[in-house]
>>> print(open('coords-v6.txt').read())   # compact mmCIF, C-alpha atoms
# COMPACT_ATOMS: atom_id res chain seq x y z
CA MET A 1 39.48 45.30 -40.55
CA GLN A 2 41.07 42.13 -39.18
CA ILE A 3 38.80 39.34 -38.00
CA LYS A 4 39.55 38.29 -34.44
CA MET A 5 39.16 34.60 -33.78
CA LYS A 6 38.62 32.58 -30.63
CA LEU A 7 41.04 29.67 -30.92
CA LEU A 8 41.66 26.75 -28.62
CA PHE A 9 44.96 24.92 -28.94
CA ALA A 10 45.45 21.58 -27.22
CA ILE A 11 48.50 19.56 -26.27
CA LYS A 12 49.16 16.88 -23.69
CA SER A 13 51.72 18.82 -21.67
CA LEU A 14 53.52 22.15 -21.42
CA ASN A 15 54.81 21.83 -17.84
CA VAL A 16 57.93 19.87 -18.77
CA GLU A 17 60.51 20.37 -21.47
CA GLY A 18 59.08 18.86 -24.58
CA GLY A 19 60.10 18.28 -28.12
CA GLY A 20 59.52 20.43 -31.13
CA ALA A 21 55.73 20.29 -31.07
CA GLU A 22 55.48 22.04 -27.70
CA ARG A 23 57.86 24.80 -28.80
CA VAL A 24 56.05 25.26 -32.11
CA LEU A 25 52.67 25.48 -30.34
CA VAL A 26 53.94 28.16 -27.94
CA ASP A 27 55.51 30.19 -30.77
CA ILE A 28 52.27 30.04 -32.77
CA VAL A 29 49.93 30.94 -29.90
CA ASN A 30 52.16 33.80 -28.77
CA GLY A 31 52.19 35.16 -32.33
CA LEU A 32 48.42 34.89 -32.68
CA ALA A 33 47.84 36.52 -29.28
CA ALA A 34 50.12 39.40 -30.31
CA ARG A 35 47.85 39.89 -33.33
CA GLY A 36 44.83 40.26 -31.06
CA HIS A 37 43.22 36.83 -31.35
CA GLU A 38 41.65 35.27 -28.25
CA ILE A 39 43.81 32.25 -27.52
CA ARG A 40 43.37 29.46 -25.00
CA ILE A 41 45.49 26.35 -24.51
CA LEU A 42 44.05 23.14 -23.13
CA THR A 43 46.63 20.81 -21.57
CA PHE A 44 46.26 17.54 -19.72
CA ASP A 45 48.71 18.89 -17.12
CA SER A 46 48.12 19.66 -13.49
CA PRO A 47 48.13 23.42 -12.91
CA GLY A 48 51.66 24.74 -13.19
CA ASP A 49 54.02 26.87 -15.21
CA SER A 50 54.76 26.30 -18.86
CA PHE A 51 58.31 25.29 -19.69
CA TYR A 52 58.19 27.65 -22.69
CA LYS A 53 57.06 31.21 -21.89
CA LEU A 54 53.47 31.97 -22.85
CA ASP A 55 52.25 35.47 -23.68
CA ALA A 56 50.26 36.94 -20.78
CA GLN A 57 47.21 37.18 -23.08
CA VAL A 58 47.10 33.39 -23.58
CA GLU A 59 44.73 31.65 -21.17
CA ARG A 60 45.74 28.18 -20.08
CA ILE A 61 43.20 25.50 -19.13
CA ASP A 62 44.69 22.48 -17.35
CA ALA A 63 42.53 19.35 -17.42
CA ASP A 64 44.66 17.73 -14.68
CA PHE A 65 44.82 14.14 -15.85
CA GLY A 66 47.72 12.08 -17.04
CA VAL A 67 51.38 12.42 -16.17
CA PRO A 68 53.69 14.04 -18.72
CA GLY A 69 55.91 11.48 -20.41
CA SER A 70 53.77 8.48 -19.48
CA SER A 71 50.95 6.70 -21.23
CA VAL A 72 47.40 7.05 -20.00
CA SER A 73 45.58 3.80 -19.27
CA ARG A 74 42.72 2.93 -21.60
CA LEU A 75 40.25 3.30 -18.74
CA ALA A 76 41.59 6.75 -17.82
CA PHE A 77 41.54 7.71 -21.51
CA PHE A 78 37.83 6.92 -21.86
CA ARG A 79 37.00 8.49 -18.49
CA ALA A 80 38.62 11.74 -19.70
CA ILE A 81 36.26 12.08 -22.68
CA PRO A 82 33.26 13.69 -20.86
CA ARG A 83 35.57 16.07 -18.99
CA LEU A 84 37.24 17.20 -22.20
CA ARG A 85 33.84 17.83 -23.76
CA ARG A 86 32.82 20.05 -20.82
CA LEU A 87 36.11 21.99 -20.83
CA VAL A 88 35.86 22.74 -24.55
CA LYS A 89 32.23 23.81 -24.18
CA ILE A 90 33.17 26.17 -21.34
CA ALA A 91 36.10 27.59 -23.34
CA GLY A 92 33.91 28.55 -26.29
CA THR A 93 35.87 28.58 -29.51
CA ASP A 94 35.73 29.09 -33.26
CA LEU A 95 38.30 26.40 -34.01
CA ILE A 96 40.43 23.84 -32.15
CA VAL A 97 44.00 23.06 -33.17
CA ALA A 98 45.18 19.93 -31.38
CA PHE A 99 48.86 19.04 -31.41
CA MET A 100 49.88 15.39 -31.57
CA HIS A 101 47.67 12.31 -31.46
CA SER A 102 47.72 12.37 -27.65
CA SER A 103 45.44 15.42 -27.75
CA TYR A 104 43.57 15.26 -31.07
CA VAL A 105 42.36 11.68 -30.67
CA PRO A 106 40.68 12.23 -27.28
CA LEU A 107 39.30 15.60 -28.40
CA ALA A 108 37.86 14.14 -31.61
CA LEU A 109 36.12 11.44 -29.59
CA ALA A 110 34.95 13.89 -26.93
CA LEU A 111 33.50 16.31 -29.44
CA MET A 112 31.70 13.85 -31.73
CA GLY A 113 28.35 15.26 -32.73
CA THR A 114 29.00 18.77 -31.37
CA GLY A 115 29.92 20.45 -34.64
CA CYS A 116 33.23 21.64 -33.17
CA ARG A 117 35.89 21.95 -35.84
CA ILE A 118 39.25 20.34 -35.09
CA ILE A 119 42.50 20.60 -36.98
CA ALA A 120 44.95 17.87 -36.01
CA SER A 121 48.60 18.90 -36.03
CA GLU A 122 50.55 15.65 -36.23
CA HIS A 123 54.31 15.77 -35.84
CA ALA A 124 55.13 12.04 -35.76
CA PRO A 125 55.43 9.98 -38.94
CA ALA A 126 52.88 7.23 -39.61
CA SER A 127 55.66 4.67 -39.17
CA HIS A 128 55.78 5.63 -35.47
CA TYR A 129 52.48 3.77 -35.04
CA ARG A 130 53.46 0.63 -36.96
CA MET A 131 53.97 -1.36 -33.74
CA ARG A 132 51.15 0.42 -31.90
CA PRO A 133 47.97 -1.01 -33.44
CA PHE A 134 45.54 0.42 -30.88
CA GLU A 135 46.93 3.95 -31.29
CA ARG A 136 46.90 3.54 -35.07
CA PHE A 137 43.24 2.41 -34.94
CA LEU A 138 42.30 5.44 -32.82
CA ILE A 139 44.10 7.82 -35.18
CA GLU A 140 42.37 6.33 -38.21
CA PHE A 141 39.02 6.67 -36.45
CA ALA A 142 39.76 10.25 -35.34
CA ASP A 143 40.69 11.14 -38.93
CA ARG A 144 37.00 10.65 -39.80
CA LEU A 145 36.00 13.24 -37.20
CA ILE A 146 38.46 16.07 -37.81
CA LEU A 147 38.28 18.94 -40.27
CA ALA A 148 41.90 18.71 -41.42
CA LYS A 149 45.34 17.39 -40.52
CA THR A 150 48.69 19.14 -40.80
CA VAL A 151 52.15 17.60 -40.81
CA PRO A 152 55.54 19.36 -40.79
CA SER A 153 57.09 17.89 -43.97
CA ASP A 154 56.46 16.32 -47.36
CA ALA A 155 58.01 13.06 -46.17
CA VAL A 156 55.56 12.77 -43.26
CA SER A 157 52.71 13.76 -45.58
CA ARG A 158 53.54 10.95 -48.01
CA GLU A 159 53.40 8.39 -45.19
CA TYR A 160 49.95 9.54 -44.05
CA SER A 161 48.60 10.00 -47.56
CA ARG A 162 48.94 6.25 -48.12
CA ARG A 163 47.07 5.36 -44.92
CA SER A 164 44.69 8.14 -43.99
CA ARG A 165 41.20 9.20 -45.04
CA CYS A 166 42.15 12.73 -44.01
CA LEU A 167 44.86 13.81 -46.44
CA PRO A 168 47.38 15.95 -44.57
CA SER A 169 48.52 19.43 -45.52
CA VAL A 170 52.16 20.31 -45.09
CA VAL A 171 52.67 23.24 -42.74
CA PRO A 172 56.39 23.51 -41.98
CA ASN A 173 57.45 24.38 -38.46
CA PRO A 174 58.44 28.04 -38.14
CA VAL A 175 62.17 28.66 -38.40
CA TYR A 176 63.70 31.54 -36.44
>>> encode(input="coords-v6.txt", output="structure tokens")
Amino acid sequence: MQIKMKLLFAIKSLNVEGGGAERVLVDIVNGLAARGHEIRILTFDSPGDSFYKLDAQVERIDADFGVPGSSVSRLAFFRAIPRLRRLVKIAGTDLIVAFMHSSYVPLALALMGTGCRIIASEHAPASHYRMRPFERFLIEFADRLILAKTVPSDAVSREYSRRSRCLPSVVPNPVY
């Protein structure tokens, strides 16, 4: 007998063409939905259609804050925290998989003290944050709050292993 899980995936945007992380997320959730798991995706998008086709069984929750491709102000970031907490509580989930720092950092902060388990799926190398000290600080803080972190390659893993309390696991992107 296969165990069916209730999983919540999170990513900043699916409404516009994205990079590899968005495509990987959609491929994974579609595959898990096809296996009978209950899958939801939380985006920061306004309601709309996903650029990549989602399985009809995947429920999408749009938080409706932030504009794809642009940074969120610090004030808007901190104002989003209570709303994210409510949306996750309403969704009900066994595990959250948040793609990229733009979703796992706010979710880690929003869910502090709730017991919600978060896996951060980081696709950018640590060097990406070298000239972004505030983002780097938030990532390092969020690493204390998450269950685990995945990265797509050994090279990215080595960069984070030198800097992070949360040692990353390598989970290569699916190749088709």
>>> residues_around(input="coords-v6.txt", residues="segment 35-40 of chain A", least_positions_apart="5", cutoff="7 Å", atoms="only C-alpha atoms", output="PyMOL selection string")
chain A and resi 4-9+29+58-60
>>> residues_around(input="coords-v6.txt", residues="segment 96-107 of chain A", least_positions_apart="3", cutoff="9 Å", atoms="all atoms listed in the file", output="MDAnalysis selection string")
chainID A and resid 7:12 21:22 25 42:44 77:78 80:81 84:85 88 93 110:112 116:124 135 138:139 141:143 146
>>> residues_near_point(input="coords-v6.txt", point="(54.2, 21.2, -24.2)", cutoff="8 Å", atoms="all atoms listed in the file", output="ChimeraX atom specification")
/A:11-19,21-23,25-26,50-52
>>> atom_distance(input="coords-v6.txt", atom1="atom CA of Val24 of chain A", atom2="atom CA of Asn173 of chain A")
6.6 Å
>>> atom_distance(input="coords-v6.txt", atom1="atom CA of Ala148 of chain A", atom2="atom CA of Arg136 of chain A")
17.2 Å
>>> atom_distance(input="coords-v6.txt", atom1="atom CA of Ile3 of chain A", atom2="atom CA of Ala91 of chain A")
19.0 Å
>>> closest_residue(input="coords-v6.txt", among="A:Ile41, A:Val151, A:Met131, A:Leu145", to="Thr114 of chain A", atoms="only C-alpha atoms")
A:Leu145
>>> closest_residue(input="coords-v6.txt", among="A:Gly20, A:His128, A:Asp45, A:Asp94", to="Pro152 of chain A", atoms="only C-alpha atoms")
A:Gly20
>>> axis_aligned_box(input="coords-v6.txt", around="segment 50-55 of chain A", padding_each_side="5 Å", output="lines of an AutoDock Vina configuration file")
center_x = 55.3
center_y = 30.4
center_z = -21.3
size_x = 16.1
size_y = 20.2
size_z = 14.8
>>> residues_near_point(input="coords-v6.txt", point="(48.6, 15.4, -42.6)", cutoff="6 Å", atoms="all atoms listed in the file", output="NGL selection string")
:A and (149-151 or 157 or 167-169)
>>> build_atoms(input="coords-v6.txt", residues="segment 82-96 of chain A", atoms="N, CA and C atoms", output="compact mmCIF listing (two decimals), keeping the file's coordinate frame")
# COMPACT_ATOMS: atom_id res chain seq x y z
N PRO A 82 34.30 12.73 -21.26
CA PRO A 82 33.26 13.69 -20.86
C PRO A 82 33.85 14.99 -20.29
N ARG A 83 34.94 14.87 -19.57
CA ARG A 83 35.57 16.07 -18.99
C ARG A 83 36.11 16.98 -20.09
N LEU A 84 36.74 16.40 -21.09
CA LEU A 84 37.24 17.20 -22.20
C LEU A 84 36.09 17.92 -22.91
N ARG A 85 35.00 17.24 -23.10
CA ARG A 85 33.84 17.83 -23.76
C ARG A 85 33.34 19.05 -22.98
N ARG A 86 33.26 18.92 -21.66
CA ARG A 86 32.82 20.05 -20.82
C ARG A 86 33.80 21.22 -20.88
N LEU A 87 35.10 20.93 -20.81
CA LEU A 87 36.11 21.99 -20.83
C LEU A 87 36.09 22.77 -22.14
N VAL A 88 35.92 22.06 -23.25
CA VAL A 88 35.86 22.74 -24.55
C VAL A 88 34.59 23.58 -24.64
N LYS A 89 33.49 23.06 -24.15
CA LYS A 89 32.23 23.81 -24.18
C LYS A 89 32.36 25.09 -23.36
N ILE A 90 32.97 24.99 -22.19
CA ILE A 90 33.17 26.17 -21.34
C ILE A 90 34.08 27.18 -22.02
N ALA A 91 35.13 26.69 -22.70
CA ALA A 91 36.10 27.59 -23.34
C ALA A 91 35.47 28.40 -24.45
N GLY A 92 34.51 27.84 -25.16
CA GLY A 92 33.91 28.55 -26.29
C GLY A 92 34.98 28.88 -27.32
N THR A 93 34.81 28.42 -28.53
CA THR A 93 35.87 28.58 -29.51
C THR A 93 35.34 28.53 -30.93
N ASP A 94 36.06 29.17 -31.85
CA ASP A 94 35.73 29.09 -33.26
C ASP A 94 36.36 27.86 -33.91
N LEU A 95 37.54 27.48 -33.41
CA LEU A 95 38.30 26.40 -34.01
C LEU A 95 39.26 25.82 -32.97
N ILE A 96 39.49 24.52 -33.05
CA ILE A 96 40.43 23.84 -32.15
C ILE A 96 41.59 23.33 -32.99
